file final.txt (compact mmCIF, C-alpha atoms)
# COMPACT_ATOMS: atom_id res chain seq x y z
CA MET A 1 123.26 120.53 99.26
CA SER A 2 122.45 117.08 100.62
CA GLU A 3 119.76 114.81 99.19
CA LEU A 4 117.68 112.08 100.75
CA ILE A 5 118.63 108.77 99.13
CA LEU A 6 117.38 105.27 99.91
CA VAL A 7 119.20 102.16 98.71
CA GLY A 8 118.12 98.67 99.61
CA LEU A 9 116.84 95.25 98.69
CA ASN A 10 113.79 93.31 99.85
CA HIS A 11 111.70 90.18 99.45
CA LYS A 12 110.28 91.36 96.12
CA GLN A 13 113.57 91.18 94.21
CA ALA A 14 116.13 89.41 96.39
CA PRO A 15 115.94 85.70 97.29
CA VAL A 16 116.22 84.77 100.95
CA GLU A 17 119.84 83.59 100.68
CA VAL A 18 120.89 87.04 99.43
CA ARG A 19 118.86 88.83 102.11
CA GLU A 20 120.53 86.66 104.75
CA ARG A 21 123.99 87.62 103.50
CA ALA A 22 123.03 91.30 103.26
CA ALA A 23 121.63 91.46 106.81
CA PHE A 24 123.61 93.12 109.59
CA GLU A 25 123.86 91.63 113.06
CA GLU A 26 122.75 93.94 115.87
CA GLY A 27 126.30 94.83 116.90
CA GLU A 28 127.40 95.54 113.32
CA ARG A 29 124.87 98.22 112.46
CA LEU A 30 126.10 101.25 114.36
CA PRO A 31 129.79 100.78 113.39
CA PHE A 32 128.68 100.59 109.75
CA LEU A 33 126.68 103.83 110.08
CA GLU A 34 129.57 105.57 111.83
CA GLY A 35 131.94 104.46 109.09
CA LEU A 36 129.54 105.72 106.45
CA ARG A 37 129.48 109.17 108.03
CA GLY A 38 133.24 109.15 108.36
CA SER A 39 133.62 108.34 104.66
CA GLY A 40 131.89 111.56 103.67
CA LEU A 41 129.20 109.75 101.69
CA ALA A 42 126.44 110.80 104.08
CA GLU A 43 125.82 113.51 106.67
CA GLY A 44 123.41 111.15 108.39
CA ALA A 45 122.12 107.61 107.91
CA VAL A 46 119.61 105.08 109.25
CA LEU A 47 119.91 101.33 108.60
CA LEU A 48 116.73 99.23 108.61
CA CYS A 49 117.29 95.45 108.77
CA THR A 50 114.50 92.88 108.94
CA CYS A 51 114.13 89.33 107.65
CA ASN A 52 112.56 90.73 104.48
CA ARG A 53 114.59 93.88 103.78
CA VAL A 54 117.86 95.74 104.23
CA GLU A 55 117.46 99.47 103.57
CA LEU A 56 119.84 102.38 104.05
CA TYR A 57 118.30 105.85 104.34
CA ALA A 58 120.99 108.49 103.88
CA ASP A 59 121.23 112.26 103.96
CA SER A 60 123.80 112.14 101.17
CA ALA A 61 126.13 114.85 99.88
CA SER A 62 127.23 112.71 96.95
CA ASP A 63 126.01 113.46 93.42
CA ASP A 64 126.40 109.89 92.13
CA GLY A 65 122.73 108.99 92.51
CA GLY A 66 123.30 106.46 95.28
CA LYS A 67 125.90 104.31 93.48
CA GLY A 68 128.46 104.86 96.24
CA LEU A 69 125.95 103.86 98.93
CA VAL A 70 125.12 100.64 97.08
CA SER A 71 128.83 99.86 96.70
CA THR A 72 129.44 100.52 100.39
CA LEU A 73 126.58 98.23 101.42
CA MET A 74 127.79 95.48 99.10
CA ALA A 75 131.38 95.78 100.30
CA GLY A 76 130.26 95.78 103.93
CA ARG A 77 128.42 92.48 103.44
CA GLN A 78 130.84 91.03 100.86
CA LEU A 79 128.10 90.53 98.29
CA ASP A 80 128.82 89.21 94.82
CA PRO A 81 128.94 91.91 92.07
CA ALA A 82 126.09 90.08 90.33
CA HIS A 83 123.83 91.06 93.25
CA ARG A 84 124.07 94.79 92.45
CA ASP A 85 121.05 94.56 90.15
CA LEU A 86 118.92 93.39 93.09
CA PHE A 87 119.27 96.79 94.80
CA TYR A 88 116.78 99.60 94.26
CA VAL A 89 117.48 103.32 94.66
CA ARG A 90 114.91 105.97 95.63
CA ARG A 91 115.65 109.68 95.79
CA GLY A 92 113.89 112.67 97.28
CA LYS A 93 110.12 112.42 97.27
CA ASP A 94 110.20 108.81 96.06
CA ALA A 95 112.34 107.85 99.06
CA VAL A 96 109.91 109.62 101.41
CA ARG A 97 106.92 107.82 99.88
CA HIS A 98 108.73 104.48 100.19
CA LEU A 99 109.45 104.99 103.90
CA PHE A 100 105.85 106.03 104.57
CA ARG A 101 104.61 102.86 102.84
CA VAL A 102 107.11 100.66 104.70
CA ALA A 103 106.20 102.09 108.11
CA ALA A 104 102.48 101.66 107.39
CA GLY A 105 102.95 98.00 106.38
CA LEU A 106 101.99 98.54 102.73
CA ASP A 107 105.32 97.25 101.39
CA SER A 108 105.42 94.14 103.58
CA MET A 109 105.21 90.52 102.50
CA ILE A 110 102.06 90.32 104.65
CA LEU A 111 100.03 93.41 103.75
CA GLY A 112 99.41 95.67 106.74
CA GLU A 113 101.51 93.65 109.22
CA PRO A 114 102.19 95.70 112.37
CA GLN A 115 105.68 94.48 113.37
CA ILE A 116 107.47 96.56 110.75
CA LEU A 117 106.64 99.85 112.48
CA GLY A 118 108.44 98.71 115.63
CA GLN A 119 111.43 97.68 113.52
CA VAL A 120 111.51 101.09 111.81
CA LYS A 121 111.44 102.76 115.24
CA ASP A 122 114.28 100.55 116.47
CA ALA A 123 116.39 101.57 113.45
CA TYR A 124 115.62 105.23 114.09
CA PHE A 125 116.53 105.09 117.78
CA GLN A 126 119.75 103.22 117.07
CA ALA A 127 120.84 105.93 114.64
CA ARG A 128 119.67 108.68 116.97
CA ASP A 129 121.41 107.27 120.04
CA GLY A 130 124.53 106.52 118.00
CA GLY A 131 124.76 110.08 116.67
CA THR A 132 124.25 109.23 112.98
CA LEU A 133 120.84 110.88 112.65
CA SER A 134 120.86 114.20 110.76
CA THR A 135 118.11 116.79 111.22
CA PRO A 136 116.42 116.00 107.87
CA LEU A 137 116.35 112.28 108.69
CA ASN A 138 115.07 113.01 112.18
CA LEU A 139 112.15 114.98 110.78
CA LEU A 140 111.49 112.38 108.09
CA PHE A 141 111.27 109.43 110.48
CA GLN A 142 109.11 111.35 112.94
CA LYS A 143 106.73 112.07 110.09
CA ALA A 144 106.79 108.40 109.01
CA PHE A 145 105.72 107.34 112.53
CA HIS A 146 102.85 109.82 112.39
CA VAL A 147 101.76 108.61 108.94
CA ALA A 148 101.82 104.95 110.03
CA LYS A 149 99.72 105.74 113.10
CA VAL A 150 97.17 107.69 111.05
CA VAL A 151 96.91 104.92 108.43
CA ARG A 152 96.41 102.16 111.01
CA THR A 153 93.98 104.15 113.14
CA GLN A 154 91.80 105.44 110.32
CA THR A 155 91.79 102.39 108.01
CA GLY A 156 92.10 99.50 110.50
CA ILE A 157 94.23 97.76 107.88
CA GLY A 158 95.90 95.38 110.33
CA GLN A 159 92.80 94.11 112.11
CA ARG A 160 91.78 91.03 110.11
CA PRO A 161 94.13 88.00 109.93
CA VAL A 162 95.66 87.22 106.54
CA THR A 163 97.69 84.07 107.29
CA VAL A 164 96.58 80.60 108.35
CA SER A 165 98.70 80.75 111.49
CA TYR A 166 97.36 84.13 112.61
CA ALA A 167 93.81 83.12 111.73
CA ALA A 168 94.20 80.18 114.12
CA TYR A 169 95.40 82.46 116.89
CA ASN A 170 92.62 84.96 116.24
CA LEU A 171 89.91 82.28 116.39
CA ALA A 172 91.29 80.92 119.68
CA ARG A 173 91.29 84.42 121.12
CA GLY A 174 87.57 84.59 120.36
CA ILE A 175 86.92 81.33 122.23
CA PHE A 176 89.07 81.90 125.32
CA ALA A 177 88.88 85.12 127.30
CA ASP A 178 92.46 84.83 128.60
CA LEU A 179 95.05 82.87 126.62
CA SER A 180 97.75 83.33 129.27
CA THR A 181 96.22 80.57 131.42
CA LYS A 182 95.76 78.10 128.57
CA ARG A 183 97.77 74.98 127.77
CA ILE A 184 98.82 74.09 124.22
CA LEU A 185 99.63 70.63 122.89
CA LEU A 186 101.47 70.23 119.58
CA LEU A 187 101.08 66.94 117.69
CA GLY A 188 103.78 66.74 115.05
CA ALA A 189 106.90 68.89 114.93
CA GLY A 190 106.79 70.37 111.44
CA GLU A 191 107.18 73.94 110.21
CA MET A 192 103.46 74.78 110.25
CA SER A 193 103.16 73.61 113.85
CA ARG A 194 106.10 75.84 114.76
CA ILE A 195 104.60 78.91 113.09
CA VAL A 196 101.17 78.49 114.67
CA ALA A 197 102.66 77.73 118.09
CA THR A 198 104.88 80.82 117.86
CA HIS A 199 101.82 83.06 117.54
CA PHE A 200 100.29 81.56 120.67
CA VAL A 201 103.48 81.64 122.73
CA GLU A 202 104.31 85.22 121.73
CA ASN A 203 100.82 86.24 122.77
CA GLY A 204 100.88 84.78 126.23
CA VAL A 205 100.20 81.03 126.19
CA GLY A 206 102.35 79.81 129.05
CA ARG A 207 102.48 76.01 129.05
CA VAL A 208 103.48 74.15 125.88
CA ARG A 209 103.82 70.40 125.30
CA VAL A 210 104.81 68.56 122.13
CA ALA A 211 104.45 64.97 120.97
CA ASN A 212 106.05 63.53 117.85
CA ARG A 213 106.55 60.00 116.58
CA THR A 214 110.31 60.60 116.56
CA TYR A 215 111.09 61.52 120.16
CA GLU A 216 114.47 63.12 119.39
CA HIS A 217 112.85 65.43 116.85
CA ALA A 218 110.30 66.51 119.47
CA VAL A 219 113.10 67.30 121.93
CA GLU A 220 114.82 69.55 119.39
CA PHE A 221 111.53 71.21 118.41
CA ALA A 222 110.63 71.91 122.04
CA LYS A 223 113.73 73.95 122.91
CA PRO A 224 112.69 77.41 121.57
CA PHE A 225 109.35 77.16 123.36
CA GLY A 226 110.68 75.72 126.61
CA ALA A 227 108.16 72.97 125.96
CA GLU A 228 107.62 69.65 127.71
CA VAL A 229 108.00 66.57 125.50
CA VAL A 230 105.22 63.97 125.69
CA PRO A 231 105.89 60.41 124.43
CA TRP A 232 103.82 59.80 121.32
CA GLU A 233 101.85 56.90 122.79
CA GLU A 234 100.71 59.16 125.67
CA PHE A 235 99.27 62.00 123.60
CA PRO A 236 95.59 60.84 124.02
CA LYS A 237 96.01 61.30 127.78
CA ALA A 238 97.64 64.68 127.21
CA LEU A 239 94.53 65.85 125.33
CA ILE A 240 92.65 65.81 128.62
CA GLN A 241 95.02 68.36 130.15
CA SER A 242 95.10 70.70 127.14
CA ASP A 243 93.05 73.69 126.03
CA ILE A 244 94.51 74.20 122.54
CA VAL A 245 95.72 71.41 120.25
CA VAL A 246 97.69 72.02 117.06
CA THR A 247 98.04 68.87 114.99
CA SER A 248 100.12 68.54 111.82
CA THR A 249 101.44 65.03 111.34
CA GLY A 250 102.20 63.12 108.18
CA SER A 251 99.70 60.37 108.93
CA GLN A 252 97.63 59.10 106.01
CA ARG A 253 94.67 58.37 108.34
CA PRO A 254 93.13 60.37 111.21
CA ILE A 255 94.95 59.94 114.51
CA ILE A 256 92.18 61.58 116.57
CA LEU A 257 88.87 59.72 116.26
CA ARG A 258 85.43 60.56 117.58
CA PRO A 259 85.35 57.74 120.22
CA MET A 260 88.68 58.99 121.60
CA MET A 261 87.33 62.54 121.85
CA GLU A 262 84.06 61.40 123.43
CA THR A 263 86.11 59.89 126.26
CA VAL A 264 88.38 62.96 126.49
CA MET A 265 85.51 65.46 126.57
CA LYS A 266 83.59 63.44 129.16
CA ILE A 267 86.61 63.40 131.49
CA ARG A 268 87.06 67.15 130.85
CA ARG A 269 83.39 67.69 131.77
CA TRP A 270 82.95 69.23 128.32
CA ALA A 271 85.29 72.15 129.04
CA SER A 272 86.16 74.00 125.82
CA LEU A 273 88.86 72.38 123.67
CA PHE A 274 90.16 74.16 120.56
CA ILE A 275 91.73 71.88 117.91
CA ILE A 276 93.60 73.28 114.90
CA ASP A 277 94.04 70.53 112.31
CA ILE A 278 96.47 71.82 109.68
CA ALA A 279 97.46 68.39 108.39
CA VAL A 280 96.80 67.20 104.85
CA PRO A 281 95.32 64.56 104.94
CA ARG A 282 93.45 65.63 108.08
CA ASP A 283 94.52 64.30 111.48
CA VAL A 284 91.10 64.63 113.15
CA GLU A 285 87.98 62.71 112.20
CA GLU A 286 85.42 65.25 110.97
CA SER A 287 82.58 63.96 113.16
CA ALA A 288 84.64 64.70 116.29
CA GLY A 289 84.04 68.39 115.66
CA LYS A 290 80.34 67.95 116.39
CA LEU A 291 80.93 67.15 120.08
CA ASP A 292 79.85 69.74 122.64
CA GLY A 293 82.69 72.00 123.72
CA LEU A 294 85.04 70.89 120.94
CA TYR A 295 85.95 73.60 118.42
CA LEU A 296 87.57 72.00 115.38
CA TYR A 297 89.09 73.97 112.50
CA ASP A 298 90.96 72.47 109.56
CA ILE A 299 93.29 74.20 107.11
CA ASP A 300 90.44 75.01 104.69
CA ASP A 301 88.51 76.81 107.45
CA LEU A 302 91.58 78.83 108.39
CA GLN A 303 92.45 79.63 104.78
CA GLU A 304 88.94 80.96 104.21
CA VAL A 305 89.31 83.29 107.19
CA ALA A 306 92.74 84.38 105.94
CA ASP A 307 91.47 85.01 102.39
CA GLU A 308 88.60 87.15 103.70
CA GLY A 309 91.06 89.15 105.77
CA LEU A 310 93.38 89.68 102.81
CA ALA A 311 90.53 90.89 100.58
CA GLU A 312 89.52 93.38 103.27
CA ARG A 313 93.10 94.59 103.73
CA GLN A 314 93.50 95.08 100.00
CA GLN A 315 90.42 97.30 99.97
CA LYS A 316 91.74 99.31 102.89
CA ALA A 317 95.17 99.56 101.28
CA ALA A 318 93.68 101.73 98.54
CA ASP A 319 92.47 104.18 101.19
CA ALA A 320 95.87 104.01 102.87
CA GLU A 321 97.67 104.85 99.62
CA ALA A 322 95.52 107.95 99.20
CA MET A 323 96.26 109.01 102.78
CA ILE A 324 99.98 108.54 102.21
CA GLN A 325 99.86 110.72 99.10
CA SER A 326 98.09 113.45 101.08
CA GLU A 327 100.65 113.23 103.90
CA LEU A 328 103.45 113.25 101.31
CA ASP A 329 102.13 116.51 99.84
CA LEU A 330 101.94 118.07 103.30
CA TYR A 331 105.48 116.93 104.06
CA ALA A 332 106.76 118.43 100.82
CA ARG A 333 105.18 121.77 101.78
CA PHE A 334 106.71 121.49 105.22
CA ILE A 335 110.19 120.85 103.81
CA GLY A 336 109.66 123.89 101.58
CA HIS A 337 109.53 126.04 104.72
CA GLN A 338 113.24 125.76 105.49
CA ASP A 339 113.06 127.97 108.61
CA LEU A 340 110.29 125.84 110.08
CA SER A 341 112.00 122.51 109.42
CA GLU A 342 115.30 123.77 110.83
CA LEU A 343 113.60 125.17 113.92
CA ILE A 344 111.72 121.93 114.63
CA GLY A 345 114.84 119.89 114.00
CA SER A 346 116.80 122.07 116.39
CA LEU A 347 114.09 121.77 119.04
CA MET A 348 114.01 117.98 118.78
CA GLY A 349 117.78 117.79 118.97
CA TRP A 350 117.80 120.04 122.05
CA ALA A 351 115.05 118.01 123.73
CA GLY A 352 116.91 114.81 122.87
CA GLN A 353 120.08 116.08 124.53
CA ILE A 354 118.20 116.94 127.72
CA GLN A 355 116.40 113.59 127.61
CA ASP A 356 119.64 111.63 127.23
CA SER A 357 121.42 113.60 129.93
CA GLU A 358 118.64 113.13 132.47
CA LEU A 359 118.25 109.46 131.53
CA GLU A 360 121.91 108.70 132.07
CA GLU A 361 121.90 110.46 135.41
CA ALA A 362 118.78 108.60 136.56
CA LEU A 363 120.12 105.23 135.43
CA ARG A 364 123.44 105.95 137.13
CA ARG A 365 121.54 106.33 140.40
CA LEU A 366 119.66 103.06 139.82
CA PRO A 367 122.42 100.50 139.21
CA GLU A 368 120.24 97.65 140.46
CA LEU A 369 117.97 97.81 137.40
CA SER A 370 118.19 94.88 134.97
CA PRO A 371 118.94 95.56 131.27
CA LYS A 372 115.25 94.94 130.51
CA GLN A 373 114.15 97.42 133.17
CA ARG A 374 116.64 100.01 131.94
CA GLU A 375 115.25 99.66 128.42
CA ILE A 376 111.70 100.13 129.74
CA VAL A 377 112.80 103.34 131.49
CA ARG A 378 114.50 104.62 128.32
CA ASN A 379 111.48 103.92 126.14
CA THR A 380 109.10 105.49 128.65
CA VAL A 381 111.10 108.71 128.85
CA ARG A 382 111.35 108.87 125.05
CA ARG A 383 107.60 108.52 124.70
CA VAL A 384 106.96 111.21 127.29
CA VAL A 385 109.28 113.68 125.54
CA HIS A 386 107.75 112.97 122.13
CA LYS A 387 104.20 113.33 123.45
CA ILE A 388 105.01 116.65 125.14
CA LEU A 389 106.51 118.05 121.94
CA HIS A 390 103.89 116.65 119.59
CA ALA A 391 101.09 119.15 120.24
CA PRO A 392 103.13 122.41 119.92
CA ILE A 393 104.99 121.10 116.85
CA ALA A 394 101.77 120.00 115.16
CA GLN A 395 100.16 123.38 115.91
CA VAL A 396 103.02 125.49 114.57
CA LYS A 397 103.19 123.35 111.42
CA ARG A 398 99.47 123.85 110.88
CA LEU A 399 99.70 127.61 111.36
CA VAL A 400 102.77 128.07 109.15
CA ILE A 401 101.96 125.60 106.37
CA GLU A 402 98.17 125.69 106.19
CA GLU A 403 97.46 129.27 107.31
CA ASP A 404 100.71 130.88 106.16
CA SER A 405 101.25 132.65 109.50
CA PRO A 406 104.85 133.90 109.92
CA GLN A 407 103.96 135.26 113.38
CA ALA A 408 103.52 131.66 114.58
CA LEU A 409 107.17 130.94 113.77
CA ASP A 410 108.36 133.95 115.76
CA LEU A 411 106.21 132.96 118.73
CA PHE A 412 107.52 129.41 118.56
CA ARG A 413 111.10 130.73 118.70
CA GLN A 414 110.25 132.71 121.82
CA LEU A 415 108.57 129.75 123.51
CA PHE A 416 111.41 127.37 122.66
CA PRO A 417 114.64 129.37 122.41
CA GLN A 418 117.27 127.21 120.73
CA ASN A 419 120.36 129.38 121.26
CA GLN A 420 122.97 128.51 123.86
CA GLU A 421 121.44 130.80 126.45
CA GLY A 422 118.04 129.18 125.93
CA ARG A 423 119.48 125.69 126.29
CA GLU A 424 121.17 126.63 129.54
CA ARG A 425 117.95 128.07 130.89
CA GLY A 426 116.05 124.93 129.88
CA GLU A 427 118.56 122.59 131.43
CA GLY A 428 118.72 124.54 134.62
CA GLN A 429 115.02 124.42 135.30

call {"tool": "encode", "arguments": {"input": "final.txt", "output": "structure tokens"}}
result
Amino acid sequence: MSELILVGLNHKQAPVEVRERAAFEEGERLPFLEGLRGSGLAEGAVLLCTCNRVELYADSASDDGGKGLVSTLMAGRQLDPAHRDLFYVRRGKDAVRHLFRVAAGLDSMILGEPQILGQVKDAYFQARDGGTLSTPLNLLFQKAFHVAKVVRTQTGIGQRPVTVSYAAYNLARGIFADLSTKRILLLGAGEMSRIVATHFVENGVGRVRVANRTYEHAVEFAKPFGAEVVPWEEFPKALIQSDIVVTSTGSQRPIILRPMMETVMKIRRWASLFIIDIAVPRDVEESAGKLDGLYLYDIDDLQEVADEGLAERQQKAADAEAMIQSELDLYARFIGHQDLSELIGSLMGWAGQIQDSELEEALRRLPELSPKQREIVRNTVRRVVHKILHAPIAQVKRLVIEEDSPQALDLFRQLFPQNQEGRERGEGQ
């Protein structure tokens, strides 16, 4: 009998230098999973790698409690033996609960952050497309996606910003109807400027300029954003042609004074200008924020918004934990119905084979598509297949688990025959 085992390390125990060494590059992940299956340690495996965690979910036939999986991970990344104590091991129901919490953003460095769900899905699809996904893992990850969606929809845990950088972005979004047409000017090329600017660029701000006292530093800073470099002495003029300004210099006195901004705003005809002053000491004279059309926020303002958001998320996290426990109990009951879980797993595998076959044929006929376009087509087809199967699977699980109806299972078999004859009929339609 196989057992679900999770081994991994994350930001809570492992320092960043260890996480960096433990991380797998994109092209290394599938070969590692294939080698793991070939070793006999696991019938199936999924590898989740982010900047804050490396986790291996395995359908393991070993009875060593996960020690072999930890050793394999450490050997694969050439980690020092002293790092073994940084790994955690979860088995059975504890592993399921952990994945549900990870997918819902409850185990993240930033509570409730939404990016992790996409990363979990990427790990799932890589294992699925690479043939290292066993039926139990397939069912588990599908359930984790459902749980994450329910938690986010019903609690709204990810709505309020909890970081200074995201608070800045969120406030700007409330001032400007469409950020894609806005121009951002960065004064200073430090880490905080980079983080705030990244939020804006990733969310559609198109034109970025940067000014720094050291011109060469500005040039290096500008590369990831495709930004234009403005000579430092010309930044007052650049304010006129900007909509969002992020300033974070090391100046001991304000570099943006009220008289300067009076001139700038007059030339702009008082069009809205959003200034984020995250410097300590402040870069912008406080009285400048009283001018019409100028929205000035310093780091204390942003931190207050972030702290309010964190307090709200923490309250909602308690509701989310209760929901996860309820979903965990339902999943345990589902797994207890072996015939049902095997039937659903077989159906999903069958549908996946048809999906992949039709996708490859369609993409073969469309050689002119770019890699990005091909990925869009793949993801669209996957979503369609999952949405079509969701309703009948959810209904049969409800009937079998909640209403104890064995007739529902028989009817499901007739509607979705999974024998060879049924597959041939399905593929021929």

call {"tool": "closest_residue", "arguments": {"input": "final.txt", "among": "A:Ile278, A:Leu99, A:Gly112, A:Pro15", "to": "Gly156 in chain A", "atoms": "all atoms listed in the file"}}
result
A:Gly112

call {"tool": "closest_residue", "arguments": {"input": "final.txt", "among": "A:Thr163, A:Asn170, A:Asn203, A:Gln13", "to": "Tyr88 in chain A", "atoms": "all atoms listed in the file"}}
result
A:Gln13

call {"tool": "atom_distance", "arguments": {"input": "final.txt", "atom1": "CA of Leu359 in chain A", "atom2": "CA of Val381 in chain A"}}
result
7.7 Å

call {"tool": "closest_residue", "arguments": {"input": "final.txt", "among": "A:Ala317, A:Leu363, A:Ala75, A:Val18", "to": "Leu111 in chain A", "atoms": "all atoms listed in the file"}}
result
A:Ala317

call {"tool": "residues_around", "arguments": {"input": "final.txt", "residues": "Leu36 in chain A", "least_positions_apart": "2", "cutoff": "10 Å", "atoms": "all atoms listed in the file", "output": "ChimeraX atom specification"}}
result
/A:30-34,38-45,58,69,72-73,132

call {"tool": "residues_around", "arguments": {"input": "final.txt", "residues": "range 409-417 of chain A", "least_positions_apart": "6", "cutoff": "8 Å", "atoms": "only C-alpha atoms", "output": "ChimeraX atom specification"}}
result
/A:340,343,347,396,400,423

call {"tool": "closest_residue", "arguments": {"input": "final.txt", "among": "A:Leu187, A:Ile275, A:Met192, A:Ala127", "to": "Glu233 in chain A", "atoms": "only C-alpha atoms"}}
result
A:Leu187

call {"tool": "residues_near_point", "arguments": {"input": "final.txt", "point": "(102.1, 86.1, 120.9)", "cutoff": "12 Å", "atoms": "only C-alpha atoms", "output": "list in words"}}
result
Gln115, Ser165, Tyr166, Ala168, Tyr169, Asn170, Arg173, Leu179, Ser180, Ile195, Val196, Ala197, Thr198, His199, Phe200, Val201, Glu202, Asn203, Gly204, Val205, Gly206 and Phe225 of chain A

call {"tool": "decode", "arguments": {"input": "final.txt", "residues": "range 45-63 of chain A", "atoms": "N, CA and C atoms", "output": "compact mmCIF listing (two decimals), in the first residue's frame"}}
result
# COMPACT_ATOMS: atom_id res chain seq x y z
N ALA A 45 4.79 11.59 -8.06
CA ALA A 45 5.38 12.69 -7.29
C ALA A 45 5.12 14.02 -7.98
N VAL A 46 5.01 15.07 -7.14
CA VAL A 46 4.85 16.45 -7.60
C VAL A 46 5.88 17.28 -6.85
N LEU A 47 6.59 18.15 -7.58
CA LEU A 47 7.63 18.99 -6.97
C LEU A 47 7.21 20.44 -7.06
N LEU A 48 7.04 21.07 -5.90
CA LEU A 48 6.66 22.48 -5.82
C LEU A 48 7.87 23.30 -5.42
N CYS A 49 8.29 24.22 -6.30
CA CYS A 49 9.45 25.08 -6.03
C CYS A 49 9.04 26.55 -6.16
N THR A 50 9.22 27.31 -5.10
CA THR A 50 9.03 28.75 -5.15
C THR A 50 10.23 29.39 -4.44
N CYS A 51 10.24 30.72 -4.36
CA CYS A 51 11.35 31.37 -3.69
C CYS A 51 11.33 31.10 -2.19
N ASN A 52 10.18 30.68 -1.67
CA ASN A 52 10.07 30.47 -0.23
C ASN A 52 9.94 29.01 0.20
N ARG A 53 9.86 28.07 -0.76
CA ARG A 53 9.69 26.68 -0.37
C ARG A 53 10.12 25.73 -1.48
N VAL A 54 10.57 24.55 -1.07
CA VAL A 54 10.78 23.42 -1.97
C VAL A 54 10.08 22.24 -1.30
N GLU A 55 9.04 21.71 -1.95
CA GLU A 55 8.25 20.63 -1.35
C GLU A 55 8.02 19.52 -2.36
N LEU A 56 8.21 18.29 -1.89
CA LEU A 56 8.00 17.11 -2.71
C LEU A 56 6.82 16.33 -2.14
N TYR A 57 5.76 16.21 -2.95
CA TYR A 57 4.58 15.43 -2.57
C TYR A 57 4.69 14.09 -3.30
N ALA A 58 4.71 13.01 -2.55
CA ALA A 58 4.96 11.70 -3.15
C ALA A 58 3.92 10.68 -2.73
N ASP A 59 3.51 9.87 -3.68
CA ASP A 59 2.69 8.69 -3.44
C ASP A 59 3.70 7.56 -3.24
N SER A 60 4.13 7.37 -1.98
CA SER A 60 5.32 6.57 -1.69
C SER A 60 4.98 5.16 -1.23
N ALA A 61 5.73 4.18 -1.77
CA ALA A 61 5.58 2.79 -1.37
C ALA A 61 6.57 2.41 -0.28
N SER A 62 7.44 3.35 0.08
CA SER A 62 8.46 3.06 1.09
C SER A 62 7.85 3.12 2.48
N ASP A 63 8.42 2.36 3.40
CA ASP A 63 7.94 2.35 4.79
C ASP A 63 8.95 3.02 5.73
